[in-house]
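Written below as structure tokens is the structure these notes are about.
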Amino acid sequence: RKLGVALVGLGKYSTGQLAPALQQTQLCRLAGVVTGTPAKAAKWKQQYNLPEQNIYDYKTFDRIADNPNIDIVYVVLPVGMHEEFTVRAAQAGKHVICEKPMAISSAECRRMIEACRKAGKMLSIGYRLHFEPHHREMMRLGQQQVYGPVQRLLADNGFRFDNDTPWRVDKELAGGGPLMDLGIYCLQGVVYTKGELPVSVTAKYTPKPNNNLFKEVEAGINWQLQFTDGSAADCRTSYAENMSSRLRAEAAKGWMELQPAFGYGGISGRTSQGPLNIQNVPQQARQMDDFANCVLNNQPTRVPGEMGLRDMQLIEAIYRAADTGQKVRIEGVQNIIDKV
Ligand code: NAD
């Protein structure tokens with residue numbers, strides 16, 4: 001039997017990526033939806049042949065507890081709503097995938113982890129690139145020190161935000177600006193390539209453009225992470241600038257780089273020895289199948305809630321560094337690394 005997945009929130013990512021990916025998965029299938037918009041419910045019911053009893057709204061959602069056809073709830077809502085729906089899903093006895101960033105604060109992340117632990121359900125974060133072979137190769141080259149210990153890392157990810165999803169610049173719903181949404185890929189990339197957590201951070205916000213969009217969140221931020229061996233990562237993200245999407249690592253005997261690095265496909269890479277001849281894969285299908293496999297075989301996921309908490313703690317340290325202009329020590333973060 002394939003595990004049944006219910007998508008909560010039928011916005012751009014569910015519609016454009018996750019639902020199509022669920023047509024390609026081997027171990028799970030789209031079994032239901034949770035939406036506040038009746039017209040979307042009707043459209044999805046027809047398009048994906050969903051039975052009426054597997055369609056919920058935000059009020060009836062808790063009744064999902066009585067639905068044996070749904071094993072996994074996938075939370076694809078604005079970030080400020082992740083905690084509520086993850087906790088309600090766990091309390092309804094469902095395993096949970098929650099989109100990135102996990103929540104708007106580390107306190108929320110802790111409550112989400114606790115709710116899933118208490119319910120005996122698995123929790124993972126929608127970190128699709130951990131299942132993408134170019135990124136796995138960056139992890140291998142970096143963590144196994146194929147060119148020597150990585151000394152310098154660079155990561156950029158940004159685009160001009162056109163307010164198509166206004167919640168992304170609303171502090172309560174997004175938690176922050178591009179750092180939360182796009183910079184998290186830079187942060188993740190440098191951590192899994194280096195294969196360890198940084199020990200300190202410095203950061204600076206970039207100037208806001210005169211368009212009134214960024215009243216509540218940053219328009220852009222540059223930050224530097226220092227590692228215990230003296231190596232460092234330089235990262236940039238923005239909602240005001242189209243940046244190259246790039247992840248690069250340099251070591252004494254060579255370098256490796258992905259560019260474009262962070263998209264749903266079209267990832268391309270090279271090292272100092274030449275191009276990486278690696279195929280792109282359907283990332284979201286791989287990610288969801290991996291989680292279904294973990295659920296079916298009771299194995300830990302590579303991208304657990306604890307990793308979402310780790311990243312939120314690092315993001316909070318980056319914001320603190322930018323707010324104070326001081327170097328901030330990274331302390332009390334659980335050492336969770338996706339090891340190749
Ligand atoms: P979106 O705005 O297109 O979709 C959000 C959905 O939530 C909409 O269907 C909207 O109707 C619903 N919603 C319910 N209450 C809402 C409220 N109060 N305000 C606004 N919307 C509300 O956004 P999206 O791009 O689909 O992002 C959804 C989630 O997926 C976010 O957590 C985002 O970070 C994540 N995401 C992840 C990736 C990835 O590559 N992993 C890519 C895009 C988005």
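Chain labels run A, B, ... following the order of the structure tokens; each chain numbers its residues from 1, and ligands are numbered from 1 in the order shown.
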Which residues of chain A come within 9 Å of ligand 1, and for each one, what is the closest pair of atoms and their distance in Å to one decimal, counting only C-alpha atoms and all ligand atoms, sorted by chain and residue number, as a tab-separated table?
residue	atom	partner	partner_atom_place_in_ligand_line	distance
A:Val8	CA	ligand 1	7 (O)	7.8
A:Gly9	CA	ligand 1	7 (O)	4.4
A:Leu10	CA	ligand 1	9 (O)	4.0
A:Gly11	CA	ligand 1	4 (O)	3.2
A:Lys12	CA	ligand 1	3 (O)	3.6
A:Tyr13	CA	ligand 1	26 (O)	3.7
A:Ser14	CA	ligand 1	26 (O)	5.8
A:Thr15	CA	ligand 1	26 (O)	7.6
A:Gly16	CA	ligand 1	26 (O)	8.4
A:Gln17	CA	ligand 1	42 (C)	8.1
A:Thr35	CA	ligand 1	9 (O)	7.1
A:Gly36	CA	ligand 1	14 (C)	6.6
A:Thr37	CA	ligand 1	11 (O)	7.0
A:Lys40	CA	ligand 1	9 (O)	8.8
A:Tyr58	CA	ligand 1	14 (C)	8.6
A:Val75	CA	ligand 1	29 (C)	7.5
A:Val76	CA	ligand 1	29 (C)	4.2
A:Leu77	CA	ligand 1	7 (O)	4.2
A:Pro78	CA	ligand 1	31 (C)	4.8
A:Val79	CA	ligand 1	32 (O)	4.7
A:Gly80	CA	ligand 1	32 (O)	8.4
A:Met81	CA	ligand 1	15 (N)	7.5
A:His82	CA	ligand 1	32 (O)	7.3
A:Cys98	CA	ligand 1	32 (O)	7.7
A:Glu99	CA	ligand 1	32 (O)	4.8
A:Lys100	CA	ligand 1	34 (O)	5.1
A:Pro101	CA	ligand 1	34 (O)	5.9
A:Met102	CA	ligand 1	32 (O)	7.6
A:Ala103	CA	ligand 1	32 (O)	8.3
A:Ile125	CA	ligand 1	41 (N)	8.7
A:Gly126	CA	ligand 1	41 (N)	5.3
A:Tyr127	CA	ligand 1	41 (N)	5.9
A:Arg128	CA	ligand 1	41 (N)	6.0
A:Leu129	CA	ligand 1	40 (O)	8.5
A:Asp164	CA	ligand 1	2 (O)	7.8
A:Thr165	CA	ligand 1	2 (O)	4.8
A:Pro166	CA	ligand 1	2 (O)	7.5
A:Trp167	CA	ligand 1	20 (C)	5.5
A:Arg168	CA	ligand 1	2 (O)	7.9
A:Leu173	CA	ligand 1	19 (N)	7.1
A:Ala174	CA	ligand 1	32 (O)	8.2
A:Met180	CA	ligand 1	34 (O)	8.0
A:Asp181	CA	ligand 1	34 (O)	5.7
A:Leu182	CA	ligand 1	34 (O)	8.6
A:Phe262	CA	ligand 1	40 (O)	8.4
A:Gly263	CA	ligand 1	40 (O)	7.6
A:Tyr264	CA	ligand 1	40 (O)	6.9
A:Gln284	CA	ligand 1	41 (N)	8.1
Non-local contacts of Gly158 of chain A (8 Å; only C-alpha atoms; under 5 positions in same chain excluded) as a CSV table (one decimal) with N, CA and C atoms, in the first residue's frame:
chain,number,residue,atom,x,y,z
A,178,PRO,N,13.9,37.5,3.3
A,178,PRO,CA,14.5,36.5,2.4
A,178,PRO,C,15.5,35.5,3.2
A,182,LEU,N,14.8,32.2,1.5
A,182,LEU,CA,15.8,31.9,0.5
A,182,LEU,C,17.2,31.6,1.1
A,183,GLY,N,17.6,32.5,2.0
A,183,GLY,CA,18.9,32.4,2.7
A,183,GLY,C,19.1,31.1,3.4
A,236,ARG,N,24.8,35.4,1.1
A,236,ARG,CA,24.0,36.6,0.7
A,236,ARG,C,22.7,36.1,0.3
A,237,THR,N,21.7,36.9,0.7
A,237,THR,CA,20.3,36.7,0.2
A,237,THR,C,19.6,38.0,0.0
A,238,SER,N,18.6,38.0,-0.8
A,238,SER,CA,17.8,39.2,-1.1
A,238,SER,C,16.5,39.0,-1.7
A,239,TYR,N,15.5,39.9,-1.4
A,239,TYR,CA,14.3,40.0,-2.1
A,239,TYR,C,14.3,41.1,-3.1
A,240,ALA,N,15.4,41.8,-3.2
A,240,ALA,CA,15.5,43.1,-4.0
A,240,ALA,C,16.4,42.9,-5.2
A,241,GLU,N,17.0,41.8,-5.3
A,241,GLU,CA,18.0,41.6,-6.3
A,241,GLU,C,18.0,40.2,-6.9
A,242,ASN,N,18.0,40.0,-8.2
A,242,ASN,CA,18.2,38.7,-8.7
A,242,ASN,C,19.7,38.3,-8.6
A,243,MET,N,19.9,37.3,-7.8
A,243,MET,CA,21.3,36.9,-7.6
A,243,MET,C,21.5,35.6,-8.3
A,244,SER,N,22.8,35.3,-8.6
A,244,SER,CA,23.1,34.0,-9.1
A,244,SER,C,22.8,33.0,-8.0
A,245,SER,N,22.3,31.9,-8.3
A,245,SER,CA,22.0,30.9,-7.2
A,245,SER,C,23.2,30.0,-7.2
Residues of segment 43-187 of chain A in helix (DSSP H, G or I), written as a PDB file with C-alpha atoms, in the first residue's frame:
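out.pdb, written as the output of this step:
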ATOM      1  CA  LYS A  43     -11.073  21.737  -8.515  1.00  0.00           C
ATOM      2  CA  TRP A  44      -8.613  19.421  -6.738  1.00  0.00           C
ATOM      3  CA  LYS A  45     -11.338  16.840  -6.084  1.00  0.00           C
ATOM      4  CA  GLN A  46     -11.978  16.578  -9.780  1.00  0.00           C
ATOM      5  CA  GLN A  47      -8.400  16.923 -11.010  1.00  0.00           C
ATOM      6  CA  GLU A  52     -15.229  13.843  -0.729  1.00  0.00           C
ATOM      7  CA  GLN A  53     -14.410  12.479   2.725  1.00  0.00           C
ATOM      8  CA  ASN A  54     -10.699  13.214   2.195  1.00  0.00           C
ATOM      9  CA  THR A  60     -12.863  20.274  10.001  1.00  0.00           C
ATOM     10  CA  PHE A  61      -9.168  19.376   9.740  1.00  0.00           C
ATOM     11  CA  ASP A  62      -9.004  17.647  13.152  1.00  0.00           C
ATOM     12  CA  ARG A  63     -11.468  15.006  11.925  1.00  0.00           C
ATOM     13  CA  ILE A  64      -8.594  13.696   9.812  1.00  0.00           C
ATOM     14  CA  ALA A  65      -7.853  11.628  12.949  1.00  0.00           C
ATOM     15  CA  ASP A  66     -10.663   9.278  11.872  1.00  0.00           C
ATOM     16  CA  VAL A  79       5.362  29.931   7.929  1.00  0.00           C
ATOM     17  CA  GLY A  80       3.443  31.564  10.780  1.00  0.00           C
ATOM     18  CA  MET A  81       0.814  28.806  10.480  1.00  0.00           C
ATOM     19  CA  HIS A  82       3.241  25.840  10.471  1.00  0.00           C
ATOM     20  CA  GLU A  83       3.209  25.312  14.230  1.00  0.00           C
ATOM     21  CA  GLU A  84      -0.557  25.196  14.596  1.00  0.00           C
ATOM     22  CA  PHE A  85      -1.108  22.731  11.767  1.00  0.00           C
ATOM     23  CA  THR A  86       1.870  20.525  12.628  1.00  0.00           C
ATOM     24  CA  VAL A  87       0.657  20.217  16.224  1.00  0.00           C
ATOM     25  CA  ARG A  88      -2.935  19.538  15.157  1.00  0.00           C
ATOM     26  CA  ALA A  89      -1.751  16.908  12.648  1.00  0.00           C
ATOM     27  CA  ALA A  90       0.331  15.135  15.304  1.00  0.00           C
ATOM     28  CA  GLN A  91      -2.564  15.241  17.741  1.00  0.00           C
ATOM     29  CA  SER A 106      12.885  28.286  17.744  1.00  0.00           C
ATOM     30  CA  ALA A 107      10.286  28.217  20.547  1.00  0.00           C
ATOM     31  CA  GLU A 108       7.658  27.204  17.989  1.00  0.00           C
ATOM     32  CA  CYS A 109      10.000  24.547  16.552  1.00  0.00           C
ATOM     33  CA  ARG A 110      10.456  23.043  20.016  1.00  0.00           C
ATOM     34  CA  ARG A 111       6.697  22.808  20.551  1.00  0.00           C
ATOM     35  CA  MET A 112       6.274  21.113  17.169  1.00  0.00           C
ATOM     36  CA  ILE A 113       8.964  18.536  17.950  1.00  0.00           C
ATOM     37  CA  GLU A 114       7.433  17.887  21.367  1.00  0.00           C
ATOM     38  CA  ALA A 115       3.914  17.438  19.948  1.00  0.00           C
ATOM     39  CA  CYS A 116       5.147  14.849  17.432  1.00  0.00           C
ATOM     40  CA  ARG A 117       7.248  13.066  20.048  1.00  0.00           C
ATOM     41  CA  LYS A 118       4.279  12.906  22.408  1.00  0.00           C
ATOM     42  CA  ALA A 119       2.044  11.534  19.661  1.00  0.00           C
ATOM     43  CA  ARG A 128      14.226  18.843  -0.884  1.00  0.00           C
ATOM     44  CA  LEU A 129      17.895  19.442  -1.709  1.00  0.00           C
ATOM     45  CA  HIS A 130      19.061  16.769   0.751  1.00  0.00           C
ATOM     46  CA  PHE A 131      17.654  14.322  -1.817  1.00  0.00           C
ATOM     47  CA  PRO A 133      22.394  14.245  -6.189  1.00  0.00           C
ATOM     48  CA  HIS A 134      24.467  17.399  -6.957  1.00  0.00           C
ATOM     49  CA  HIS A 135      23.984  18.484  -3.359  1.00  0.00           C
ATOM     50  CA  ARG A 136      24.809  14.997  -2.085  1.00  0.00           C
ATOM     51  CA  GLU A 137      28.021  15.224  -4.105  1.00  0.00           C
ATOM     52  CA  MET A 138      28.856  18.603  -2.486  1.00  0.00           C
ATOM     53  CA  MET A 139      28.334  16.905   0.897  1.00  0.00           C
ATOM     54  CA  ARG A 140      30.612  14.031  -0.085  1.00  0.00           C
ATOM     55  CA  LEU A 141      33.386  16.230  -1.475  1.00  0.00           C
ATOM     56  CA  GLY A 142      33.255  18.555   1.529  1.00  0.00           C
ATOM     57  CA  GLN A 143      32.668  16.136   4.366  1.00  0.00           C
ATOM     58  CA  PRO A 166       2.188  39.181   0.257  1.00  0.00           C
ATOM     59  CA  TRP A 167       2.475  36.994   3.379  1.00  0.00           C
ATOM     60  CA  ARG A 168       6.221  36.724   2.610  1.00  0.00           C
ATOM     61  CA  VAL A 169       6.801  40.325   3.730  1.00  0.00           C
ATOM     62  CA  LYS A 171       6.391  39.570   9.840  1.00  0.00           C
ATOM     63  CA  GLU A 172       3.699  37.592  11.635  1.00  0.00           C
ATOM     64  CA  LEU A 173       3.131  35.187   8.752  1.00  0.00           C
ATOM     65  CA  ALA A 174       6.712  34.911   7.461  1.00  0.00           C
ATOM     66  CA  PRO A 178      14.544  36.489   2.422  1.00  0.00           C
ATOM     67  CA  LEU A 179      16.832  34.990   5.079  1.00  0.00           C
ATOM     68  CA  MET A 180      13.970  32.770   6.249  1.00  0.00           C
ATOM     69  CA  ASP A 181      12.753  31.953   2.750  1.00  0.00           C
ATOM     70  CA  LEU A 182      15.832  31.860   0.482  1.00  0.00           C
ATOM     71  CA  GLY A 183      18.878  32.388   2.677  1.00  0.00           C
ATOM     72  CA  ILE A 184      18.028  29.172   4.480  1.00  0.00           C
ATOM     73  CA  TYR A 185      19.286  27.302   1.381  1.00  0.00           C
ATOM     74  CA  CYS A 186      22.650  29.103   1.628  1.00  0.00           C
ATOM     75  CA  LEU A 187      22.824  28.336   5.324  1.00  0.00           C
TER      76      LEU A 187
END
Glu218 of chain A environment, 7 Å, only C-alpha atoms, sequence neighbours closer than 3 positions dropped, as a list in words: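 Neighbouring residues, sequence-local ones excluded: Gly176, Gly177, Tyr205 and Phe214 of chain A.
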Selection from above, N, CA and C atoms, as a PDB file, in the first residue's frame, can you write it?
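Ended up saving to again_27.pdb:
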ATOM      1  N   GLY A 176      10.243  36.570   8.999  1.00  0.00           N
ATOM      2  CA  GLY A 176      11.356  37.401   8.560  1.00  0.00           C
ATOM      3  C   GLY A 176      11.291  37.460   7.044  1.00  0.00           C
ATOM      4  N   GLY A 177      12.320  38.006   6.436  1.00  0.00           N
ATOM      5  CA  GLY A 177      12.311  38.186   4.988  1.00  0.00           C
ATOM      6  C   GLY A 177      13.056  37.090   4.244  1.00  0.00           C
ATOM      7  N   TYR A 205      22.433  43.942   7.327  1.00  0.00           N
ATOM      8  CA  TYR A 205      21.310  44.092   6.406  1.00  0.00           C
ATOM      9  C   TYR A 205      21.742  44.939   5.220  1.00  0.00           C
ATOM     10  N   PHE A 214       9.140  46.497   2.093  1.00  0.00           N
ATOM     11  CA  PHE A 214       9.890  45.874   3.188  1.00  0.00           C
ATOM     12  C   PHE A 214       9.762  46.674   4.482  1.00  0.00           C
TER      13      PHE A 214
END
Find the residues near segment 255-259 of chain A: any atom within 12 Å, counting only C-alpha atoms, skip ones fewer than 5 places away on the same chain, and give them as a ChimeraX atom specification. /A:132-142,145-157,186,189-190,193-194,243-250,265-278
Would you put the residues from that selection into a file with N, CA and C atoms, as a short mmCIF file (atom, residue, chain, number, x, y, z; two decimals), in the first residue's frame?
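Saved as part26.cif:
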data_model
loop_
_atom_site.label_atom_id
_atom_site.label_comp_id
_atom_site.auth_asym_id
_atom_site.auth_seq_id
_atom_site.Cartn_x
_atom_site.Cartn_y
_atom_site.Cartn_z
N GLU A 132 18.86 15.58 -3.47
CA GLU A 132 19.26 15.99 -4.83
C GLU A 132 20.73 15.59 -5.02
N PRO A 133 21.05 14.84 -6.09
CA PRO A 133 22.39 14.24 -6.19
C PRO A 133 23.56 15.23 -6.33
N HIS A 134 23.36 16.42 -6.93
CA HIS A 134 24.47 17.40 -6.96
C HIS A 134 24.80 17.85 -5.53
N HIS A 135 23.75 18.04 -4.74
CA HIS A 135 23.98 18.48 -3.36
C HIS A 135 24.59 17.37 -2.53
N ARG A 136 24.19 16.13 -2.81
CA ARG A 136 24.81 15.00 -2.09
C ARG A 136 26.30 14.91 -2.45
N GLU A 137 26.61 15.24 -3.69
CA GLU A 137 28.02 15.22 -4.11
C GLU A 137 28.80 16.35 -3.40
N MET A 138 28.20 17.53 -3.25
CA MET A 138 28.86 18.60 -2.49
C MET A 138 29.13 18.13 -1.05
N MET A 139 28.15 17.44 -0.46
CA MET A 139 28.33 16.90 0.90
C MET A 139 29.50 15.93 0.93
N ARG A 140 29.54 15.04 -0.06
CA ARG A 140 30.61 14.03 -0.08
C ARG A 140 31.98 14.70 -0.24
N LEU A 141 32.08 15.59 -1.22
CA LEU A 141 33.39 16.23 -1.48
C LEU A 141 33.84 17.04 -0.26
N GLY A 142 32.91 17.72 0.38
CA GLY A 142 33.26 18.56 1.53
C GLY A 142 33.51 17.73 2.78
N GLN A 145 36.48 15.56 2.67
CA GLN A 145 37.69 16.36 2.45
C GLN A 145 38.49 15.86 1.25
N VAL A 146 37.75 15.63 0.17
CA VAL A 146 38.37 15.08 -1.04
C VAL A 146 39.47 16.02 -1.57
N TYR A 147 39.27 17.33 -1.44
CA TYR A 147 40.31 18.31 -1.83
C TYR A 147 41.01 18.91 -0.61
N GLY A 148 40.92 18.22 0.49
CA GLY A 148 41.42 18.78 1.75
C GLY A 148 40.28 19.42 2.51
N PRO A 149 40.54 19.85 3.73
CA PRO A 149 39.48 20.50 4.52
C PRO A 149 39.00 21.77 3.82
N VAL A 150 37.68 21.95 3.75
CA VAL A 150 37.13 23.16 3.12
C VAL A 150 37.52 24.38 3.94
N GLN A 151 38.08 25.38 3.23
CA GLN A 151 38.57 26.57 3.93
C GLN A 151 37.66 27.77 3.76
N ARG A 152 36.95 27.79 2.60
CA ARG A 152 36.14 28.96 2.30
C ARG A 152 34.88 28.49 1.58
N LEU A 153 33.74 29.02 2.00
CA LEU A 153 32.47 28.68 1.35
C LEU A 153 31.76 29.97 0.93
N LEU A 154 31.05 29.87 -0.19
CA LEU A 154 30.29 31.02 -0.69
C LEU A 154 28.90 30.52 -1.06
N ALA A 155 27.87 31.28 -0.70
CA ALA A 155 26.52 30.90 -1.11
C ALA A 155 25.67 32.15 -1.31
N ASP A 156 24.99 32.20 -2.45
CA ASP A 156 24.11 33.32 -2.80
C ASP A 156 22.77 32.76 -3.26
N ASN A 157 21.70 33.39 -2.83
CA ASN A 157 20.37 33.00 -3.32
C ASN A 157 19.43 34.17 -3.12
N CYS A 186 21.22 28.80 1.52
CA CYS A 186 22.65 29.10 1.63
C CYS A 186 23.18 28.53 2.93
N GLY A 189 23.31 24.82 2.81
CA GLY A 189 24.32 24.37 1.86
C GLY A 189 25.72 24.44 2.46
N VAL A 190 26.05 25.56 3.11
CA VAL A 190 27.40 25.68 3.65
C VAL A 190 27.59 24.73 4.84
N THR A 193 27.93 21.12 3.40
CA THR A 193 29.17 20.94 2.64
C THR A 193 30.37 20.91 3.58
N LYS A 194 30.40 21.82 4.53
CA LYS A 194 31.47 21.81 5.53
C LYS A 194 31.32 20.58 6.44
N MET A 243 19.93 37.30 -7.81
CA MET A 243 21.31 36.87 -7.60
C MET A 243 21.54 35.57 -8.34
N SER A 244 22.82 35.30 -8.61
CA SER A 244 23.11 33.97 -9.11
C SER A 244 22.82 33.02 -7.95
N SER A 245 22.26 31.88 -8.27
CA SER A 245 21.98 30.88 -7.24
C SER A 245 23.22 29.98 -7.20
N ARG A 246 24.00 30.12 -6.12
CA ARG A 246 25.34 29.55 -6.16
C ARG A 246 25.77 28.98 -4.81
N LEU A 247 26.45 27.85 -4.86
CA LEU A 247 27.07 27.26 -3.66
C LEU A 247 28.46 26.81 -4.07
N ARG A 248 29.47 27.35 -3.39
CA ARG A 248 30.86 27.06 -3.77
C ARG A 248 31.69 26.77 -2.53
N ALA A 249 32.62 25.83 -2.65
CA ALA A 249 33.52 25.52 -1.54
C ALA A 249 34.94 25.39 -2.08
N GLU A 250 35.89 25.96 -1.35
CA GLU A 250 37.30 25.94 -1.78
C GLU A 250 38.15 25.29 -0.72
N GLY A 265 15.06 22.21 -10.44
CA GLY A 265 15.71 21.39 -11.46
C GLY A 265 16.81 22.24 -12.08
N GLY A 266 17.44 21.73 -13.12
CA GLY A 266 18.44 22.53 -13.83
C GLY A 266 19.69 22.83 -13.02
N ILE A 267 19.94 22.04 -12.00
CA ILE A 267 21.14 22.26 -11.18
C ILE A 267 22.35 21.76 -11.96
N SER A 268 23.42 22.56 -11.89
CA SER A 268 24.60 22.25 -12.67
C SER A 268 25.83 22.50 -11.79
N GLY A 269 26.85 21.66 -11.94
CA GLY A 269 27.99 21.81 -11.06
C GLY A 269 29.31 21.46 -11.72
N ARG A 270 30.38 21.96 -11.12
CA ARG A 270 31.73 21.64 -11.59
C ARG A 270 32.69 21.67 -10.42
N THR A 271 33.81 21.03 -10.62
CA THR A 271 34.88 21.09 -9.63
C THR A 271 36.13 21.56 -10.35
N SER A 272 37.22 21.72 -9.61
CA SER A 272 38.48 22.13 -10.24
C SER A 272 38.95 21.07 -11.23
N GLN A 273 38.35 19.89 -11.20
CA GLN A 273 38.73 18.84 -12.16
C GLN A 273 37.82 18.75 -13.37
N GLY A 274 36.75 19.55 -13.38
CA GLY A 274 35.85 19.52 -14.54
C GLY A 274 34.40 19.44 -14.13
N PRO A 275 33.50 19.33 -15.16
CA PRO A 275 32.06 19.34 -14.86
C PRO A 275 31.63 18.11 -14.06
N LEU A 276 30.61 18.29 -13.24
CA LEU A 276 29.99 17.15 -12.56
C LEU A 276 28.97 16.58 -13.54
N ASN A 277 29.14 15.33 -13.91
CA ASN A 277 28.14 14.74 -14.83
C ASN A 277 27.08 14.02 -14.02
N ILE A 278 26.14 14.80 -13.51
CA ILE A 278 25.11 14.26 -12.63
C ILE A 278 23.76 14.68 -13.21
#
Provide the atom CA of Ala317 of chain A to atom CA of Val333 of chain A distance in Å, to one decimal place.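 Atom CA of Val333 of chain A lies 10.5 Å from atom CA of Ala317 of chain A.
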Residues of segment 159-327 of chain A classed as strand (DSSP E) by DSSP on the backbone are to be reported as a compact mmCIF listing (two decimals) with N, CA and C atoms, in the first residue's frame.
# COMPACT_ATOMS: atom_id res chain seq x y z
N SER A 200 30.43 30.96 15.17
CA SER A 200 30.03 32.35 15.36
C SER A 200 29.56 32.94 14.04
N VAL A 201 28.91 34.11 14.14
CA VAL A 201 28.35 34.75 12.95
C VAL A 201 28.43 36.27 13.06
N THR A 202 28.69 36.91 11.93
CA THR A 202 28.54 38.36 11.80
C THR A 202 27.57 38.59 10.64
N ALA A 203 26.85 39.72 10.65
CA ALA A 203 25.84 39.93 9.61
C ALA A 203 25.51 41.41 9.45
N LYS A 204 25.03 41.75 8.27
CA LYS A 204 24.64 43.14 7.98
C LYS A 204 23.46 43.14 7.02
N TYR A 205 22.43 43.94 7.33
CA TYR A 205 21.31 44.09 6.41
C TYR A 205 21.74 44.94 5.22
N GLY A 220 17.26 42.40 2.38
CA GLY A 220 18.40 41.56 2.06
C GLY A 220 19.36 41.52 3.23
N ILE A 221 20.21 40.52 3.25
CA ILE A 221 21.16 40.40 4.36
C ILE A 221 22.39 39.62 3.87
N ASN A 222 23.55 40.08 4.32
CA ASN A 222 24.81 39.37 4.05
C ASN A 222 25.32 38.86 5.39
N TRP A 223 25.79 37.62 5.43
CA TRP A 223 26.32 37.13 6.70
C TRP A 223 27.51 36.22 6.49
N GLN A 224 28.32 36.14 7.54
CA GLN A 224 29.54 35.33 7.51
C GLN A 224 29.50 34.37 8.69
N LEU A 225 29.82 33.13 8.41
CA LEU A 225 29.86 32.12 9.47
C LEU A 225 31.30 31.69 9.65
N GLN A 226 31.72 31.58 10.91
CA GLN A 226 33.07 31.12 11.19
C GLN A 226 33.01 29.71 11.77
N ALA A 232 35.65 29.83 6.86
CA ALA A 232 34.51 30.74 6.95
C ALA A 232 33.62 30.61 5.72
N ALA A 233 32.36 30.97 5.91
CA ALA A 233 31.38 30.99 4.82
C ALA A 233 30.84 32.40 4.66
N ASP A 234 30.71 32.81 3.41
CA ASP A 234 30.19 34.13 3.06
C ASP A 234 28.86 33.92 2.35
N CYS A 235 27.77 34.42 2.92
CA CYS A 235 26.45 34.14 2.34
C CYS A 235 25.67 35.43 2.10
N ARG A 236 24.84 35.39 1.06
CA ARG A 236 24.03 36.56 0.71
C ARG A 236 22.65 36.12 0.28
N THR A 237 21.65 36.91 0.69
CA THR A 237 20.31 36.65 0.18
C THR A 237 19.58 37.97 0.04
N SER A 238 18.56 37.99 -0.82
CA SER A 238 17.84 39.24 -1.06
C SER A 238 16.48 38.97 -1.69
N ARG A 246 24.00 30.12 -6.12
CA ARG A 246 25.34 29.55 -6.16
C ARG A 246 25.77 28.98 -4.81
N LEU A 247 26.45 27.85 -4.86
CA LEU A 247 27.07 27.26 -3.66
C LEU A 247 28.46 26.81 -4.07
N ARG A 248 29.47 27.35 -3.39
CA ARG A 248 30.86 27.06 -3.77
C ARG A 248 31.69 26.77 -2.53
N ALA A 249 32.62 25.83 -2.65
CA ALA A 249 33.52 25.52 -1.54
C ALA A 249 34.94 25.39 -2.08
N GLU A 250 35.89 25.96 -1.35
CA GLU A 250 37.30 25.94 -1.78
C GLU A 250 38.15 25.29 -0.72
N ALA A 251 39.11 24.48 -1.19
CA ALA A 251 40.03 23.80 -0.27
C ALA A 251 41.44 23.90 -0.87
N GLY A 254 41.67 21.94 -4.28
CA GLY A 254 40.67 22.07 -5.34
C GLY A 254 39.42 22.75 -4.83
N TRP A 255 38.45 22.89 -5.73
CA TRP A 255 37.19 23.56 -5.37
C TRP A 255 36.03 22.85 -6.03
N MET A 256 34.83 23.12 -5.53
CA MET A 256 33.62 22.58 -6.15
C MET A 256 32.52 23.63 -6.06
N GLU A 257 31.62 23.59 -7.05
CA GLU A 257 30.63 24.66 -7.14
C GLU A 257 29.37 24.18 -7.84
N LEU A 258 28.23 24.60 -7.34
CA LEU A 258 26.96 24.41 -8.04
C LEU A 258 26.44 25.78 -8.46
N GLY A 269 26.85 21.66 -11.94
CA GLY A 269 27.99 21.81 -11.06
C GLY A 269 29.31 21.46 -11.72
N ARG A 270 30.38 21.96 -11.12
CA ARG A 270 31.73 21.64 -11.59
C ARG A 270 32.69 21.67 -10.42
N THR A 271 33.81 21.03 -10.62
CA THR A 271 34.88 21.09 -9.63
C THR A 271 36.13 21.56 -10.35
N GLY A 274 36.75 19.55 -13.38
CA GLY A 274 35.85 19.52 -14.54
C GLY A 274 34.40 19.44 -14.13
N PRO A 275 33.50 19.33 -15.16
CA PRO A 275 32.06 19.34 -14.86
C PRO A 275 31.63 18.11 -14.06
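Across A:Thr25, A:Arg329, A:Ala6, A:Val34, the tightest approach to Ile70 of chain A is made by A:Ala6 when counting only C-alpha atoms.
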